[in-house]
Amino acid sequence: MKSSRFRDLQQRLGDAGIAPTLQRMAVARALLAAPVHMTAEQVLDAAREHHLGLSRATVYAALQLFVRHGLLRELPVSGAAVVYDSNTAVHHHLVDIDTGQVADLPQERLQIQGLADAAAGLQLAGVDVIVRVRGLKERAKAHAR
């Protein structure tokens with residue numbers, strides 16, 4: 001008997017027009033069960049808990065498919081690895097430049113002035129703000145107390 005969370009993920013893939021193969025479901029379970037920020041390598045490690053023989057190429061293909069179908073966002077953070085964000089709602093990010101940790105920064109917490117003037121005559125497609133910080137892990141620990 002499949003769990004309701006597994007069925008929910010199958011439905012979510014199906015609703016996005018993606019066939020829920022075993023490999024894609026392993027990637028979905030790693031990324032889409034809760035809001036997360038993960039690199040492809042982290043997704044590969046997590047997905048292999050559900051599908052041991054999963055290949056790196058299959059994970060990369062699934063990630064790109066999920067991005068094209070609006071289930072994930074690619075974050076252009078510094079460094080070699082792309083970070084995939086399973087929260088596709090409009091929001092910004094904090095990135096710890098020492099650890100690479102990524103955290104959501106709700107859109108309402110940040111005001112951008114002058115955007116209308118800067119984009120005058122253009123069709124605005126979106127705004128992605130990445131705020132680079134230090135001490136993100138320590139702040140999370142302090143707030144958890």
# chains A, B, ... in the order shown; residues from 1 in each chain; ligands from 1
$ residues_around --residues "range 50-67 of chain A" --least-positions-apart "3" --cutoff "7 Å" --atoms "only C-alpha atoms" --output "ChimeraX atom specification"
/A:23-24,26-27,40,44,47,70-73
$ select_by_dssp --residues "chain A" --states "helix (DSSP H, G or I)" --output "NGL selection string"
:A and (4-15 or 22-31 or 40-47 or 56-68 or 107-109 or 115-118 or 136-144)
$ residues_around --residues "Asp8 in chain A" --least-positions-apart "2" --cutoff "12 Å" --atoms "only C-alpha atoms" --output "list in words"
Lys2, Ser3, Ser4, Arg5, Phe6, Gln10, Gln11, Arg12, Leu13, Gly14, Asp15, Pro20, Met25, Ala28, Arg29, Leu32 and Ala33 of chain A
$ write_last_selection --atoms "N, CA and C atoms" --output "JSON list (two decimals), in the first residue's frame"
[["chain", "number", "residue", "atom", "x", "y", "z"],
["A", 2, "LYS", "N", 0.64, 2.14, -0.91],
["A", 2, "LYS", "CA", 1.44, 3.36, -1.00],
["A", 2, "LYS", "C", 0.93, 4.39, -0.02],
["A", 3, "SER", "N", 1.87, 5.15, 0.56],
["A", 3, "SER", "CA", 1.49, 6.18, 1.52],
["A", 3, "SER", "C", 0.79, 7.33, 0.79],
["A", 4, "SER", "N", 0.03, 8.11, 1.56],
["A", 4, "SER", "CA", -0.66, 9.24, 0.95],
["A", 4, "SER", "C", 0.33, 10.29, 0.44],
["A", 5, "ARG", "N", 1.47, 10.44, 1.11],
["A", 5, "ARG", "CA", 2.48, 11.39, 0.66],
["A", 5, "ARG", "C", 3.05, 10.97, -0.69],
["A", 6, "PHE", "N", 3.27, 9.67, -0.87],
["A", 6, "PHE", "CA", 3.76, 9.14, -2.15],
["A", 6, "PHE", "C", 2.72, 9.40, -3.23],
["A", 10, "GLN", "N", 2.96, 11.66, -6.64],
["A", 10, "GLN", "CA", 2.59, 11.14, -7.96],
["A", 10, "GLN", "C", 1.60, 12.08, -8.64],
["A", 11, "GLN", "N", 0.61, 12.52, -7.88],
["A", 11, "GLN", "CA", -0.41, 13.43, -8.40],
["A", 11, "GLN", "C", 0.21, 14.76, -8.82],
["A", 12, "ARG", "N", 1.12, 15.25, -8.01],
["A", 12, "ARG", "CA", 1.77, 16.53, -8.31],
["A", 12, "ARG", "C", 2.57, 16.46, -9.61],
["A", 13, "LEU", "N", 3.30, 15.36, -9.81],
["A", 13, "LEU", "CA", 4.03, 15.18, -11.06],
["A", 13, "LEU", "C", 3.05, 15.08, -12.22],
["A", 14, "GLY", "N", 2.01, 14.26, -12.05],
["A", 14, "GLY", "CA", 1.02, 14.10, -13.10],
["A", 14, "GLY", "C", 0.35, 15.41, -13.47],
["A", 15, "ASP", "N", -0.01, 16.20, -12.46],
["A", 15, "ASP", "CA", -0.64, 17.50, -12.71],
["A", 15, "ASP", "C", 0.29, 18.45, -13.48],
["A", 20, "PRO", "N", 5.14, 9.90, -13.67],
["A", 20, "PRO", "CA", 5.82, 9.59, -12.39],
["A", 20, "PRO", "C", 6.54, 8.24, -12.41],
["A", 25, "MET", "N", 10.13, 9.70, -9.20],
["A", 25, "MET", "CA", 9.52, 9.71, -7.87],
["A", 25, "MET", "C", 10.59, 9.76, -6.79],
["A", 28, "ALA", "N", 11.58, 13.31, -6.71],
["A", 28, "ALA", "CA", 10.47, 14.08, -6.13],
["A", 28, "ALA", "C", 10.42, 13.91, -4.62],
["A", 29, "ARG", "N", 10.64, 12.69, -4.14],
["A", 29, "ARG", "CA", 10.61, 12.45, -2.69],
["A", 29, "ARG", "C", 11.73, 13.21, -1.99],
["A", 32, "LEU", "N", 10.52, 17.42, -3.26],
["A", 32, "LEU", "CA", 9.20, 18.03, -3.28],
["A", 32, "LEU", "C", 8.33, 17.73, -2.08],
["A", 33, "ALA", "N", 8.82, 16.92, -1.15],
["A", 33, "ALA", "CA", 8.02, 16.59, 0.03],
["A", 33, "ALA", "C", 7.93, 17.75, 1.00]]
$ closest_residue --among "A:Arg139, A:Arg68, A:Ala81, A:Arg145" --to "Ala16 in chain A" --atoms "only C-alpha atoms"
A:Arg68
$ closest_atom_pairs --of "range 105-125 of chain A" --to "range 84-97 of chain A" --cutoff "7 Å" --atoms "only C-alpha atoms" --output "Markdown table"
| residue | atom | partner | partner_atom | distance |
| --- | --- | --- | --- | --- |
| A:Leu105 | CA | A:His93 | CA | 4.8 |
| A:Pro106 | CA | A:His91 | CA | 4.9 |
| A:Gln107 | CA | A:His91 | CA | 4.6 |
$ write_last_selection --atoms "N, CA and C atoms" --output "short mmCIF file (atom, residue, chain, number, x, y, z; two decimals), in the first residue's frame"
data_model
loop_
_atom_site.label_atom_id
_atom_site.label_comp_id
_atom_site.auth_asym_id
_atom_site.auth_seq_id
_atom_site.Cartn_x
_atom_site.Cartn_y
_atom_site.Cartn_z
N LEU A 105 14.06 34.13 2.03
CA LEU A 105 13.84 35.48 2.52
C LEU A 105 12.51 35.91 1.89
N PRO A 106 11.43 35.92 2.67
CA PRO A 106 10.11 36.24 2.10
C PRO A 106 10.13 37.58 1.38
N GLN A 107 9.39 37.65 0.29
CA GLN A 107 9.35 38.85 -0.54
C GLN A 107 8.97 40.08 0.26
#
$ atom_distance --atom1 "CA of Ala118 in chain A" --atom2 "CA of Glu74 in chain A"
24.0 Å
$ select_by_dssp --residues "range 2-141 of chain A" --states "strand (DSSP E or B)" --output "PyMOL selection string"
chain A and resi 37-39+73-75+83-85+91-96+102-106+130-133
